[in-house]
$ cat my_file26.txt   # compact mmCIF, C-alpha atoms
# COMPACT_ATOMS: atom_id res chain seq x y z
CA MET A 1020 -94.28 39.58 77.10
CA ARG A 1021 -94.32 42.30 74.46
CA LYS A 1022 -97.79 43.34 73.25
CA GLU A 1023 -98.99 42.96 69.66
CA LYS A 1024 -98.95 46.71 69.00
CA GLU A 1025 -95.35 46.88 70.20
CA MET A 1026 -94.34 43.96 67.98
CA ILE A 1027 -95.98 45.42 64.87
CA GLU A 1028 -94.19 48.72 65.44
CA LEU A 1029 -90.93 46.81 65.86
CA PHE A 1030 -91.43 45.03 62.53
CA LYS A 1031 -92.21 48.31 60.79
CA ASN A 1032 -89.16 50.03 62.25
CA ILE A 1033 -86.89 47.19 61.17
CA VAL A 1034 -88.18 47.50 57.62
CA MET A 1035 -87.92 51.29 57.51
CA ASN A 1036 -84.33 51.17 58.80
CA ASP A 1037 -83.18 48.64 56.19
CA ASP A 1038 -83.25 49.82 52.58
CA ASN A 1039 -82.91 46.24 51.30
CA ILE A 1040 -86.30 45.26 52.76
CA ARG A 1041 -88.85 46.56 50.29
CA LEU A 1042 -92.07 45.01 51.54
CA SER A 1043 -93.26 43.34 54.74
CA VAL A 1044 -96.44 41.40 55.46
CA LEU A 1045 -98.05 39.83 58.50
CA GLU A 1046 -99.61 36.41 57.91
CA GLY A 1047 -101.48 33.64 59.66
CA SER A 1048 -103.74 33.63 62.69
CA ARG A 1049 -102.95 37.19 63.80
CA THR A 1050 -104.58 38.47 60.62
CA ASN A 1051 -107.65 36.26 61.02
CA LYS A 1052 -110.52 38.12 62.70
CA ASN A 1053 -112.33 34.81 63.27
CA ILE A 1054 -109.69 33.45 65.65
CA PRO A 1055 -109.62 34.76 69.25
CA LYS A 1056 -106.33 36.41 70.13
CA ASP A 1057 -104.17 34.87 72.85
CA TYR A 1058 -100.60 34.91 74.13
CA PHE A 1059 -99.66 31.73 72.24
CA GLN A 1060 -100.14 33.08 68.72
CA ASP A 1061 -97.00 33.30 66.61
CA TYR A 1062 -95.99 36.31 64.57
CA ASP A 1063 -95.75 35.06 60.98
CA ILE A 1064 -93.80 37.67 59.03
CA SER A 1065 -92.40 37.82 55.51
CA PHE A 1066 -89.82 40.34 54.32
CA PHE A 1067 -89.32 40.84 50.58
CA VAL A 1068 -85.68 41.75 50.15
CA THR A 1069 -82.89 42.53 47.72
CA GLY A 1070 -79.59 40.72 48.26
CA ILE A 1071 -81.06 37.83 50.24
CA GLU A 1072 -77.68 36.06 50.47
CA SER A 1073 -76.24 38.87 52.60
CA TYR A 1074 -78.79 38.11 55.34
CA LYS A 1075 -77.94 34.41 55.36
CA LYS A 1076 -74.22 34.96 55.95
CA ASP A 1077 -74.54 36.20 59.52
CA ASP A 1078 -77.39 35.85 62.04
CA SER A 1079 -76.35 38.83 64.14
CA TRP A 1080 -78.79 41.10 62.27
CA LEU A 1081 -81.64 39.15 63.90
CA GLU A 1082 -80.74 40.56 67.33
CA VAL A 1083 -82.90 43.57 66.49
CA PHE A 1084 -85.96 41.35 67.08
CA GLY A 1085 -85.00 40.70 70.73
CA ASP A 1086 -83.15 38.16 72.87
CA VAL A 1087 -83.33 34.93 70.88
CA MET A 1088 -83.61 31.85 73.11
CA PHE A 1089 -83.80 29.27 70.30
CA MET A 1090 -83.61 29.38 66.53
CA GLN A 1091 -84.25 26.97 63.69
CA LYS A 1092 -83.37 27.65 60.07
CA PRO A 1093 -85.34 25.02 58.09
CA GLU A 1094 -83.63 25.80 54.77
CA ASP A 1095 -80.23 25.29 56.38
CA MET A 1096 -80.91 21.75 57.61
CA GLU A 1097 -79.55 18.54 56.10
CA LEU A 1098 -82.06 16.09 57.55
CA PHE A 1099 -85.06 18.02 56.22
CA PRO A 1100 -84.52 19.23 52.61
CA SER A 1101 -85.70 22.72 51.74
CA GLU A 1102 -89.11 23.11 50.13
CA LEU A 1103 -89.10 26.89 49.74
CA GLY A 1104 -86.86 27.31 46.72
CA ASN A 1105 -85.12 30.70 46.93
CA TRP A 1106 -86.87 31.64 50.15
CA PHE A 1107 -85.20 31.41 53.56
CA SER A 1108 -86.93 31.17 56.92
CA TYR A 1109 -86.18 31.54 60.61
CA ILE A 1110 -88.21 30.10 63.47
CA MET A 1111 -87.30 32.10 66.57
CA TYR A 1112 -88.29 31.83 70.22
CA PHE A 1113 -87.53 34.76 72.49
CA ASN A 1114 -86.90 34.98 76.23
CA ASP A 1115 -90.13 36.90 76.84
CA GLY A 1116 -92.30 34.15 75.30
CA ILE A 1117 -92.67 35.65 71.82
CA LYS A 1118 -92.32 33.36 68.78
CA ILE A 1119 -91.60 34.76 65.32
CA ASP A 1120 -91.66 32.82 62.07
CA LEU A 1121 -89.77 35.04 59.64
CA THR A 1122 -89.43 34.31 55.93
CA LEU A 1123 -87.11 36.19 53.58
CA ILE A 1124 -88.32 36.28 49.97
CA PRO A 1125 -86.55 37.80 46.96
CA GLN A 1126 -88.48 40.91 45.98
CA ASN A 1127 -88.86 39.69 42.40
CA GLU A 1128 -90.99 36.77 43.64
CA ILE A 1129 -93.88 38.85 44.98
CA ASP A 1130 -96.25 37.65 42.26
CA GLU A 1131 -95.37 34.03 42.98
CA TYR A 1132 -95.97 34.65 46.68
CA LEU A 1133 -99.40 36.13 46.06
CA SER A 1134 -100.45 33.35 43.70
CA ASN A 1135 -99.68 30.77 46.40
CA SER A 1136 -100.99 32.79 49.33
CA ASP A 1137 -103.68 31.33 51.57
CA GLY A 1138 -105.37 34.74 51.80
CA LEU A 1139 -104.37 35.50 55.39
CA VAL A 1140 -102.08 38.41 54.52
CA GLU A 1141 -101.90 41.94 55.89
CA VAL A 1142 -99.45 44.41 54.35
CA LEU A 1143 -97.38 46.30 56.94
CA ILE A 1144 -94.93 48.28 54.80
CA ASP A 1145 -94.92 48.61 50.99
CA LYS A 1146 -92.09 50.96 50.05
CA ASP A 1147 -92.49 50.59 46.31
CA ASN A 1148 -96.31 50.63 46.20
CA ARG A 1149 -96.47 47.18 44.68
CA PHE A 1150 -100.10 46.78 45.71
CA ASN A 1151 -102.59 49.04 43.98
CA GLU A 1152 -105.51 47.69 46.01
CA LYS A 1153 -105.74 47.00 49.72
CA ILE A 1154 -105.44 43.32 50.63
CA VAL A 1155 -108.11 42.19 53.07
CA PRO A 1156 -107.10 39.08 55.05
CA SER A 1157 -109.52 36.17 54.62
CA ASP A 1158 -109.60 32.56 55.80
CA LYS A 1159 -111.99 31.56 52.99
CA LYS A 1160 -109.44 29.12 51.59
CA TYR A 1161 -109.82 27.08 54.76
CA TRP A 1162 -113.62 27.01 54.91
CA VAL A 1163 -115.29 23.64 55.15
CA LYS A 1164 -116.28 22.64 51.64
CA LYS A 1165 -119.30 20.59 50.64
CA PRO A 1166 -118.06 17.24 49.29
CA THR A 1167 -118.94 15.99 45.85
CA LYS A 1168 -120.29 12.46 45.50
CA ARG A 1169 -116.85 11.32 44.40
CA GLU A 1170 -115.09 13.02 47.31
CA PHE A 1171 -117.53 11.46 49.75
CA ASP A 1172 -116.96 7.99 48.33
CA ASP A 1173 -113.18 8.51 48.18
CA CYS A 1174 -113.16 9.37 51.89
CA CYS A 1175 -115.21 6.27 52.73
CA ASN A 1176 -113.11 4.10 50.45
CA GLU A 1177 -109.84 5.24 52.01
CA PHE A 1178 -111.13 4.77 55.54
CA TRP A 1179 -112.40 1.23 55.08
CA SER A 1180 -109.42 0.20 52.99
CA VAL A 1181 -106.97 1.29 55.69
CA SER A 1182 -109.11 -0.19 58.47
CA ALA A 1183 -107.81 -3.61 57.41
CA TYR A 1184 -104.21 -2.44 57.84
CA VAL A 1185 -104.94 -1.25 61.37
CA ALA A 1186 -106.68 -4.49 62.30
CA LYS A 1187 -103.91 -6.59 60.77
CA GLY A 1188 -101.23 -4.66 62.66
CA LEU A 1189 -103.00 -4.97 65.99
CA LEU A 1190 -103.69 -8.68 65.57
CA ARG A 1191 -100.05 -9.27 64.63
CA LYS A 1192 -98.96 -7.29 67.71
CA GLU A 1193 -97.30 -4.73 65.42
CA LEU A 1194 -98.45 -1.75 67.43
CA PHE A 1195 -96.40 0.99 65.74
CA TYR A 1196 -97.43 -0.18 62.28
CA ALA A 1197 -101.08 -0.24 63.31
CA LEU A 1198 -101.06 3.11 65.08
CA ASP A 1199 -99.23 4.83 62.24
CA HIS A 1200 -102.06 3.88 59.87
CA PHE A 1201 -104.62 4.73 62.55
CA ASN A 1202 -103.25 8.17 63.41
CA GLN A 1203 -101.98 9.23 59.99
CA ILE A 1204 -104.87 8.03 57.81
CA LEU A 1205 -107.88 6.60 59.64
CA ARG A 1206 -108.54 9.39 62.12
CA PRO A 1207 -107.88 12.21 59.59
CA GLU A 1208 -110.54 10.69 57.33
CA LEU A 1209 -112.89 10.50 60.30
CA LEU A 1210 -112.25 14.19 61.05
CA ARG A 1211 -112.82 15.04 57.40
CA MET A 1212 -116.18 13.27 57.46
CA ILE A 1213 -117.16 14.96 60.73
CA SER A 1214 -116.24 18.35 59.24
CA TRP A 1215 -118.64 17.70 56.35
CA GLU A 1216 -121.44 16.88 58.77
CA VAL A 1217 -120.68 20.08 60.71
CA GLY A 1218 -120.75 22.04 57.45
CA ILE A 1219 -124.14 20.60 56.57
CA ARG A 1220 -125.49 21.68 59.95
CA GLU A 1221 -123.79 25.05 60.31
CA GLY A 1222 -123.13 26.15 56.73
CA PHE A 1223 -120.07 25.90 54.52
CA ASN A 1224 -118.87 29.40 55.27
CA PHE A 1225 -116.32 29.08 58.06
CA SER A 1226 -113.11 27.32 59.02
CA LEU A 1227 -112.61 24.65 61.67
CA GLY A 1228 -109.03 25.77 62.09
CA LYS A 1229 -105.70 24.13 61.44
CA ASN A 1230 -105.79 20.39 62.15
CA TYR A 1231 -109.54 20.74 62.90
CA LYS A 1232 -108.67 22.39 66.22
CA PHE A 1233 -112.12 23.99 66.60
CA ILE A 1234 -114.16 20.93 65.62
CA GLY A 1235 -115.00 20.14 69.23
CA ASN A 1236 -116.94 23.39 69.47
CA PHE A 1237 -119.53 21.97 67.05
CA LEU A 1238 -119.99 18.47 68.49
CA PRO A 1239 -122.44 17.28 71.15
CA GLU A 1240 -120.69 16.28 74.36
CA ASP A 1241 -121.17 12.54 73.91
CA LYS A 1242 -119.77 12.56 70.37
CA LEU A 1243 -116.82 14.70 71.42
CA GLU A 1244 -116.04 12.31 74.26
CA LYS A 1245 -116.09 9.36 71.87
CA LEU A 1246 -113.81 11.18 69.45
CA MET A 1247 -111.34 11.96 72.22
CA ASN A 1248 -111.45 8.35 73.37
CA THR A 1249 -110.12 7.22 69.99
CA PHE A 1250 -106.79 8.63 71.19
CA SER A 1251 -106.58 6.03 73.99
CA GLN A 1252 -103.86 3.77 72.63
CA SER A 1253 -101.56 2.80 75.49
CA SER A 1254 -102.07 -0.95 75.00
CA TYR A 1255 -103.25 -3.43 72.37
CA LYS A 1256 -106.59 -3.73 74.15
CA GLU A 1257 -107.12 0.03 74.31
CA SER A 1258 -105.95 0.44 70.72
CA TRP A 1259 -108.43 -2.16 69.48
CA GLU A 1260 -111.26 -0.51 71.43
CA SER A 1261 -110.25 2.87 69.98
CA PHE A 1262 -110.16 1.34 66.50
CA GLU A 1263 -113.69 -0.04 66.87
CA LEU A 1264 -114.89 3.30 68.26
CA CYS A 1265 -113.31 5.11 65.32
CA CYS A 1266 -115.15 2.81 62.91
CA GLU A 1267 -118.40 3.33 64.79
CA LEU A 1268 -118.08 7.12 64.60
CA PHE A 1269 -117.10 7.10 60.95
CA ARG A 1270 -120.07 4.91 60.07
CA ALA A 1271 -122.47 7.15 61.98
CA TYR A 1272 -121.21 10.40 60.52
CA SER A 1273 -120.84 9.12 56.96
CA LYS A 1274 -124.42 7.81 57.02
CA GLU A 1275 -125.62 11.22 58.19
CA VAL A 1276 -123.69 12.96 55.41
CA ALA A 1277 -124.95 10.51 52.80
CA SER A 1278 -128.52 10.96 53.93
CA SER A 1279 -128.31 14.77 54.07
CA LEU A 1280 -126.72 15.08 50.62
CA ASP A 1281 -128.72 12.25 49.05
CA TYR A 1282 -125.55 10.29 48.31
CA ASP A 1283 -125.34 6.50 48.18
CA TYR A 1284 -123.85 4.93 51.28
CA PRO A 1285 -121.19 2.38 50.24
CA GLU A 1286 -121.89 -1.32 50.72
CA TYR A 1287 -118.21 -2.06 51.28
CA ASP A 1288 -118.46 -0.77 54.86
CA GLU A 1289 -120.33 -3.92 55.86
CA LYS A 1290 -118.12 -6.12 53.68
CA MET A 1291 -114.86 -4.78 55.09
CA THR A 1292 -116.18 -4.94 58.64
CA ASP A 1293 -117.16 -8.58 58.13
CA PHE A 1294 -113.78 -9.24 56.55
CA VAL A 1295 -111.96 -7.92 59.61
CA GLN A 1296 -114.25 -9.65 62.08
CA ASN A 1297 -114.66 -13.00 60.35
CA ILE A 1298 -111.27 -13.51 58.75
CA TYR A 1299 -108.60 -11.53 60.53
CA ILE A 1300 -109.87 -12.20 64.03
CA LYS A 1301 -110.45 -15.89 63.36
CA LEU A 1302 -106.98 -16.26 61.88
CA SER A 1303 -105.46 -14.58 64.92
CA GLU A 1304 -107.18 -17.10 67.20
CA LYS A 1305 -105.64 -20.16 65.49
$ encode --input "my_file26.txt" --output "structure tokens"
Amino acid sequence: MRKEKEMIELFKNIVMNDDNIRLSVLEGSRTNKNIPKDYFQDYDISFFVTGIESYKKDDSWLEVFGDVMFMQKPEDMELFPSELGNWFSYIMYFNDGIKIDLTLIPQNEIDEYLSNSDGLVEVLIDKDNRFNEKIVPSDKKYWVKKPTKREFDDCCNEFWSVSAYVAKGLLRKELFYALDHFNQILRPELLRMISWEVGIREGFNFSLGKNYKFIGNFLPEDKLEKLMNTFSQSSYKESWESFELCCELFRAYSKEVASSLDYDYPEYDEKMTDFVQNIYIKLSEK
């Protein structure tokens, strides 16, 4: 596998040998000093170009990056409509294990790019000196943020509202319906609440990573095991047990957050729990 230094030099050489590429930046985890480097990190690159259509006509110019094993062009797909406007991207896997996510951006959209940037940007080549000041990559946009009273209640409200959908689906034997609500809404709200509790303990000045991937580093072993057990969903019985465990964890963490921030803990937790236990379960037994 090619080393990072070798790849950065490759990107710079490609830019310097193509007059239509005016600016190149490295983005994402490889610019983030708070994330340990490993072999699995992608190279997220953006080239700001003139004549973007000329690049889209023929993919042979991409051979300069290496031996492409697999490629996806998201903006050239029918099933998944483009969301990047005039931008065009390539997701490329190479035979040596390297993965490059390359985005071509019209050079006149630099200001738009910067206004929507997440802050994890490192300039590699700037031919036209578009940047008067050095950009320092920062993951501050992804730091855990202290919730307002309204945000705390919204999180609780969404969790307990959707809990009824999960219970209903499981009791009806509609597993995919139930698990979609569980995995797409219930657990993300649980993770959000846990992240707030972690922030209260550790400070609101760091990121837990994309999809909360580092959250386990801040949890006691027993709580982490319970959280992982909420993913046990291979049967209706396991799914119901995971659902109850998810509710238990959410209740525990939300009470801790409420107490620490002096927020009111919502009464509808108990009401919705009773509703599920006393109405849905009884109806399913008839």
$ closest_atom_pairs --input "my_file26.txt" --of "stretch 1148-1176 of chain A" --to "stretch 1045-1060 of chain A" --cutoff "8 Å" --atoms "only C-alpha atoms" --output "CSV"
residue,atom,partner,partner_atom,distance
A:Pro1156,CA,A:Thr1050,CA,6.1
A:Ser1157,CA,A:Asn1051,CA,6.7
A:Asp1158,CA,A:Asn1051,CA,6.7
$ write_last_selection --input "my_file26.txt" --atoms "C-alpha atoms" --output "PDB file, in the coordinates of the input"
ATOM      1  CA  PRO A1156    -107.100  39.080  55.050  1.00  0.00           C
ATOM      2  CA  SER A1157    -109.520  36.170  54.620  1.00  0.00           C
ATOM      3  CA  ASP A1158    -109.600  32.560  55.800  1.00  0.00           C
TER       4      ASP A1158
END
$ closest_residue --input "my_file26.txt" --among "A:Glu1128, A:Glu1170, A:Asp1037, A:Glu1102" --to "A:Val1276" --atoms "all atoms listed in the file"
A:Glu1170
$ atom_distance --input "my_file26.txt" --atom1 "atom CA of A:His1200" --atom2 "atom CA of A:Asn1248"
17.0 Å
$ closest_residue --input "my_file26.txt" --among "A:Lys1245, A:Phe1089, A:Ala1277, A:Ile1117" --to "A:Thr1167" --atoms "only C-alpha atoms"
A:Ala1277
$ closest_residue --input "my_file26.txt" --among "A:Lys1092, A:Lys1160, A:Lys1153, A:Lys1301" --to "A:Asn1135" --atoms "all atoms listed in the file"
A:Lys1160
$ atom_distance --input "my_file26.txt" --atom1 "atom CA of A:Lys1024" --atom2 "atom CA of A:Gly1138"
21.9 Å
$ residues_around --input "my_file26.txt" --residues "A:Glu1286" --least-positions-apart "2" --cutoff "12 Å" --atoms "only C-alpha atoms" --output "CSV table (one decimal) with C-alpha atoms, in the frame of the given file"
chain,number,residue,atom,x,y,z
A,1172,ASP,CA,-117.0,8.0,48.3
A,1175,CYS,CA,-115.2,6.3,52.7
A,1176,ASN,CA,-113.1,4.1,50.4
A,1179,TRP,CA,-112.4,1.2,55.1
A,1270,ARG,CA,-120.1,4.9,60.1
A,1274,LYS,CA,-124.4,7.8,57.0
A,1283,ASP,CA,-125.3,6.5,48.2
A,1284,TYR,CA,-123.8,4.9,51.3
A,1288,ASP,CA,-118.5,-0.8,54.9
A,1289,GLU,CA,-120.3,-3.9,55.9
A,1290,LYS,CA,-118.1,-6.1,53.7
A,1291,MET,CA,-114.9,-4.8,55.1
A,1292,THR,CA,-116.2,-4.9,58.6
A,1293,ASP,CA,-117.2,-8.6,58.1
$ residues_near_point --input "my_file26.txt" --point "(-97.3, 44.7, 53.0)" --cutoff "9 Å" --atoms "all atoms listed in the file" --output "short mmCIF file (atom, residue, chain, number, x, y, z; two decimals) with C-alpha atoms, in the frame of the given file"
data_model
loop_
_atom_site.label_atom_id
_atom_site.label_comp_id
_atom_site.auth_asym_id
_atom_site.auth_seq_id
_atom_site.Cartn_x
_atom_site.Cartn_y
_atom_site.Cartn_z
CA LEU A 1042 -92.07 45.01 51.54
CA SER A 1043 -93.26 43.34 54.74
CA VAL A 1044 -96.44 41.40 55.46
CA LEU A 1045 -98.05 39.83 58.50
CA SER A 1065 -92.40 37.82 55.51
CA PHE A 1066 -89.82 40.34 54.32
CA VAL A 1140 -102.08 38.41 54.52
CA GLU A 1141 -101.90 41.94 55.89
CA VAL A 1142 -99.45 44.41 54.35
CA LEU A 1143 -97.38 46.30 56.94
CA ILE A 1144 -94.93 48.28 54.80
CA ASP A 1145 -94.92 48.61 50.99
CA LYS A 1146 -92.09 50.96 50.05
CA ARG A 1149 -96.47 47.18 44.68
CA PHE A 1150 -100.10 46.78 45.71
CA ILE A 1154 -105.44 43.32 50.63
#
$ build_atoms --input "my_file26.txt" --residues "stretch 1155-1177 of chain A" --atoms "N, CA and C atoms" --output "PDB file, keeping the file's coordinate frame"
ATOM      1  N   VAL A1155    -107.318  42.468  51.869  1.00  0.00           N
ATOM      2  CA  VAL A1155    -108.110  42.190  53.070  1.00  0.00           C
ATOM      3  C   VAL A1155    -107.910  40.730  53.465  1.00  0.00           C
ATOM      4  N   PRO A1156    -107.336  40.461  54.631  1.00  0.00           N
ATOM      5  CA  PRO A1156    -107.100  39.080  55.050  1.00  0.00           C
ATOM      6  C   PRO A1156    -108.391  38.276  55.097  1.00  0.00           C
ATOM      7  N   SER A1157    -108.336  37.038  54.623  1.00  0.00           N
ATOM      8  CA  SER A1157    -109.520  36.170  54.620  1.00  0.00           C
ATOM      9  C   SER A1157    -109.091  34.720  54.818  1.00  0.00           C
ATOM     10  N   ASP A1158    -109.881  33.986  55.595  1.00  0.00           N
ATOM     11  CA  ASP A1158    -109.600  32.560  55.800  1.00  0.00           C
ATOM     12  C   ASP A1158    -110.482  31.683  54.915  1.00  0.00           C
ATOM     13  N   LYS A1159    -111.043  32.270  53.853  1.00  0.00           N
ATOM     14  CA  LYS A1159    -111.990  31.560  52.990  1.00  0.00           C
ATOM     15  C   LYS A1159    -111.392  30.281  52.409  1.00  0.00           C
ATOM     16  N   LYS A1160    -110.091  30.296  52.164  1.00  0.00           N
ATOM     17  CA  LYS A1160    -109.440  29.120  51.590  1.00  0.00           C
ATOM     18  C   LYS A1160    -109.557  27.908  52.510  1.00  0.00           C
ATOM     19  N   TYR A1161    -109.753  28.166  53.794  1.00  0.00           N
ATOM     20  CA  TYR A1161    -109.820  27.080  54.760  1.00  0.00           C
ATOM     21  C   TYR A1161    -111.241  26.716  55.183  1.00  0.00           C
ATOM     22  N   TRP A1162    -112.236  27.338  54.551  1.00  0.00           N
ATOM     23  CA  TRP A1162    -113.620  27.010  54.910  1.00  0.00           C
ATOM     24  C   TRP A1162    -113.927  25.553  54.603  1.00  0.00           C
ATOM     25  N   VAL A1163    -114.794  24.990  55.421  1.00  0.00           N
ATOM     26  CA  VAL A1163    -115.290  23.640  55.150  1.00  0.00           C
ATOM     27  C   VAL A1163    -116.004  23.649  53.813  1.00  0.00           C
ATOM     28  N   LYS A1164    -115.677  22.683  52.975  1.00  0.00           N
ATOM     29  CA  LYS A1164    -116.280  22.640  51.640  1.00  0.00           C
ATOM     30  C   LYS A1164    -117.218  21.435  51.508  1.00  0.00           C
ATOM     31  N   LYS A1165    -118.341  21.665  50.876  1.00  0.00           N
ATOM     32  CA  LYS A1165    -119.300  20.590  50.640  1.00  0.00           C
ATOM     33  C   LYS A1165    -118.661  19.539  49.727  1.00  0.00           C
ATOM     34  N   PRO A1166    -118.693  18.276  50.118  1.00  0.00           N
ATOM     35  CA  PRO A1166    -118.060  17.240  49.290  1.00  0.00           C
ATOM     36  C   PRO A1166    -118.906  16.883  48.073  1.00  0.00           C
ATOM     37  N   THR A1167    -118.242  16.561  46.997  1.00  0.00           N
ATOM     38  CA  THR A1167    -118.940  15.990  45.850  1.00  0.00           C
ATOM     39  C   THR A1167    -119.227  14.517  46.146  1.00  0.00           C
ATOM     40  N   LYS A1168    -120.030  13.886  45.316  1.00  0.00           N
ATOM     41  CA  LYS A1168    -120.290  12.460  45.500  1.00  0.00           C
ATOM     42  C   LYS A1168    -118.987  11.668  45.461  1.00  0.00           C
ATOM     43  N   ARG A1169    -118.111  12.038  44.546  1.00  0.00           N
ATOM     44  CA  ARG A1169    -116.850  11.320  44.400  1.00  0.00           C
ATOM     45  C   ARG A1169    -115.960  11.538  45.625  1.00  0.00           C
ATOM     46  N   GLU A1170    -115.901  12.740  46.124  1.00  0.00           N
ATOM     47  CA  GLU A1170    -115.090  13.020  47.310  1.00  0.00           C
ATOM     48  C   GLU A1170    -115.614  12.252  48.519  1.00  0.00           C
ATOM     49  N   PHE A1171    -116.940  12.207  48.649  1.00  0.00           N
ATOM     50  CA  PHE A1171    -117.530  11.460  49.750  1.00  0.00           C
ATOM     51  C   PHE A1171    -117.150   9.985  49.666  1.00  0.00           C
ATOM     52  N   ASP A1172    -117.281   9.407  48.482  1.00  0.00           N
ATOM     53  CA  ASP A1172    -116.960   7.990  48.330  1.00  0.00           C
ATOM     54  C   ASP A1172    -115.461   7.748  48.488  1.00  0.00           C
ATOM     55  N   ASP A1173    -114.631   8.664  48.020  1.00  0.00           N
ATOM     56  CA  ASP A1173    -113.180   8.510  48.180  1.00  0.00           C
ATOM     57  C   ASP A1173    -112.801   8.472  49.660  1.00  0.00           C
ATOM     58  N   CYS A1174    -113.428   9.331  50.446  1.00  0.00           N
ATOM     59  CA  CYS A1174    -113.160   9.370  51.890  1.00  0.00           C
ATOM     60  C   CYS A1174    -113.563   8.039  52.521  1.00  0.00           C
ATOM     61  N   CYS A1175    -114.748   7.550  52.198  1.00  0.00           N
ATOM     62  CA  CYS A1175    -115.210   6.270  52.730  1.00  0.00           C
ATOM     63  C   CYS A1175    -114.300   5.124  52.286  1.00  0.00           C
ATOM     64  N   ASN A1176    -113.940   5.153  51.011  1.00  0.00           N
ATOM     65  CA  ASN A1176    -113.110   4.100  50.450  1.00  0.00           C
ATOM     66  C   ASN A1176    -111.752   4.033  51.143  1.00  0.00           C
ATOM     67  N   GLU A1177    -111.152   5.193  51.349  1.00  0.00           N
ATOM     68  CA  GLU A1177    -109.840   5.240  52.010  1.00  0.00           C
ATOM     69  C   GLU A1177    -109.940   4.740  53.448  1.00  0.00           C
TER      70      GLU A1177
END
